[in-house]
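Comments concern the structure below.
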Amino acid sequence: MLDSDVLIDWYARTARDLPWRRPGVTAWQILMSEIMLQQTPVARVEPIWREWVARWPVPSAMAAASAGEVLRAWGKLGYPRRALRLHECAQVLAAEHGDEVPGDVEVLLGLPGIGDYTARAVACFAYGQRVPVVDTNVRRVVARAVHGRGEAGNPAARDLRDTEALLPIQVDRAAVFSAALMELGATVCTARTPDCTRCPLPRCAWVTAGRPRQESTRRTQKYEGTDRQARGRLLDVLRAAAEPVDRIRLDLAWTRDPGQRDRALDSLLVDGLIEQTRDGRFALAGEG
């Protein structure tokens with residue numbers, strides 16, 4: 001078991017001053033931050049999040065915008081389908097939930113683009129509920145401190161059970177503990193260079209076991225030359241355009257592999273991120 005009092009005290013002293021953690025931030029604004037932070041570093045998210053809070057402070061404000069406007073504002077955060085799904089979510093919240101983000105996990109899971117982690121994160125961080133919130137950082141801390149493993153392995157149903165068992169009984173402290181557990185994994189108990197000298201936990205099964213090496217080597221996902229990069233180049237052209245563009249402009253955006261370019265273009269159409277006009281030109285979703 002982890003010493004929740006020690007971890008909560010450490011978090012109160014050392015937690016990063018992130019804008020979505022401050023008083024007065026709404027559940028909608030927290031939801032936006034959680035969607036943006038998936039697979040994207042805090043430093044890249046923060047300025048975009050601030051812009052979105054000012055531009056779309058409530059779901060109905062985003063719902064009134066076109067999908068193309070949202071995709072353009074998403075910029076370089078990566079995985080733009082997240083932006084498209086968030087726009088769909090805003091439309092549902094505005095139409096069916098009184099322009100408010102619900103606090104019930106099961107209701108949240110019924111919204112477009114909201115998965116298990118995001119639903120629990122909103123319930124915990126926006127509404128202070130006692131629910132386990134499990135991301136990569138949390139899984140790593142639990143694997144090391146509780147189970148003595150160097151890495152968490154593949155996600156499994158037991159992750160939620162293991163984390164829930166660590167939560168303090170008091171609801172308000174449970175929510176803070178969840179944030180502290182995540183912070184520990186993000187800033188101290190990191191994947192490649194854990195700084196055990198800074199760890200506040202008085203006991204760690206991994207340290208006690210002599211910090212056994214990871215059983216497998218984590219592979220770094222490459223980006224250069226991938227379909228993802230090709231998609232990004234095509235989206236860059238459309239984001240910069242004030243009107244639909246001819247196919248030749250997209251062809252010139254990715255010349256290294258025409259087959260890959262065609263595949264990237266088809267996937268963008270299938271994902272609903274872009275659309276083709278009747279005269280054969282291309283535009284961001286909703287702008288054709």
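A note on labels: chains of the structure tokens are A, B, ... as shown, every chain counts residues from 1, and ligands are counted from 1 in their shown order.
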Select from segment 33-105 of chain A every residue with an atom at most 12 Å from any atom of segment 267-282 of chain A, then for each give the shortest pair of atoms and their distance in Å to one decimal, using only C-alpha atoms, rows by chain and rising number, as a tab-separated table.
```
residue	atom	partner	partner_atom	distance
A:Ser66	CA	A:Leu273	CA	11.6
A:Ala67	CA	A:Leu273	CA	8.2
A:Gly68	CA	A:Leu273	CA	8.0
A:Glu69	CA	A:Leu273	CA	11.3
A:Val70	CA	A:Leu273	CA	10.5
A:Leu71	CA	A:Leu273	CA	7.9
A:Arg72	CA	A:Leu273	CA	10.6
A:Trp74	CA	A:Leu273	CA	12.0
A:Tyr79	CA	A:Leu273	CA	10.7
A:Pro80	CA	A:Leu273	CA	7.7
A:Arg81	CA	A:Leu273	CA	7.0
A:Arg82	CA	A:Leu273	CA	10.3
A:Ala83	CA	A:Leu273	CA	9.4
A:Leu84	CA	A:Leu273	CA	7.1
A:Arg85	CA	A:Leu273	CA	10.1
A:His87	CA	A:Leu273	CA	11.6
A:Glu88	CA	A:Gly272	CA	11.6
```
For Cys89 of chain A, list every protein, DNA or RNA residue within 8 Å, evaluated using only C-alpha atoms, and leave out those in the same chain fewer than 2 positions away; present the list as a list in words.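 These residues fall inside the cut-off: Arg85, Leu86, His87, Gln91, Val92, Leu93, Leu111, Pro112 and Gly113 of chain A.
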Could you state the separation of atom CA of Pro212 of chain A and atom CA of Gly148 of chain A in Å, given to one decimal place?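 Between atom CA of Pro212 of chain A and atom CA of Gly148 of chain A the gap works out to 8.1 Å.
Candidate residues A:Asp104, A:Pro258, A:Arg158, A:Lys76 were compared for distance to Thr40 of chain A, and the nearest is A:Lys76, using only C-alpha atoms.
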Looking at only C-alpha atoms, which of A:Val25, A:Leu77, A:Ala165, A:Ala90 is the one that sits closest to Pro41 of chain A?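 The closest residue to Pro41 of chain A is A:Leu77.
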A:Ala145, A:Val58, A:Ala73, A:Ala157: which is nearest Ala209 of chain A, counting only C-alpha atoms?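 Closest candidate: A:Ala145.
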Given the choices A:Cys189, A:Leu181, A:Leu238, A:Ala121, which gets closest to Thr163 of chain A if the distance is worked out from only C-alpha atoms?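 Smallest distance to Thr163 of chain A is found for A:Leu181.
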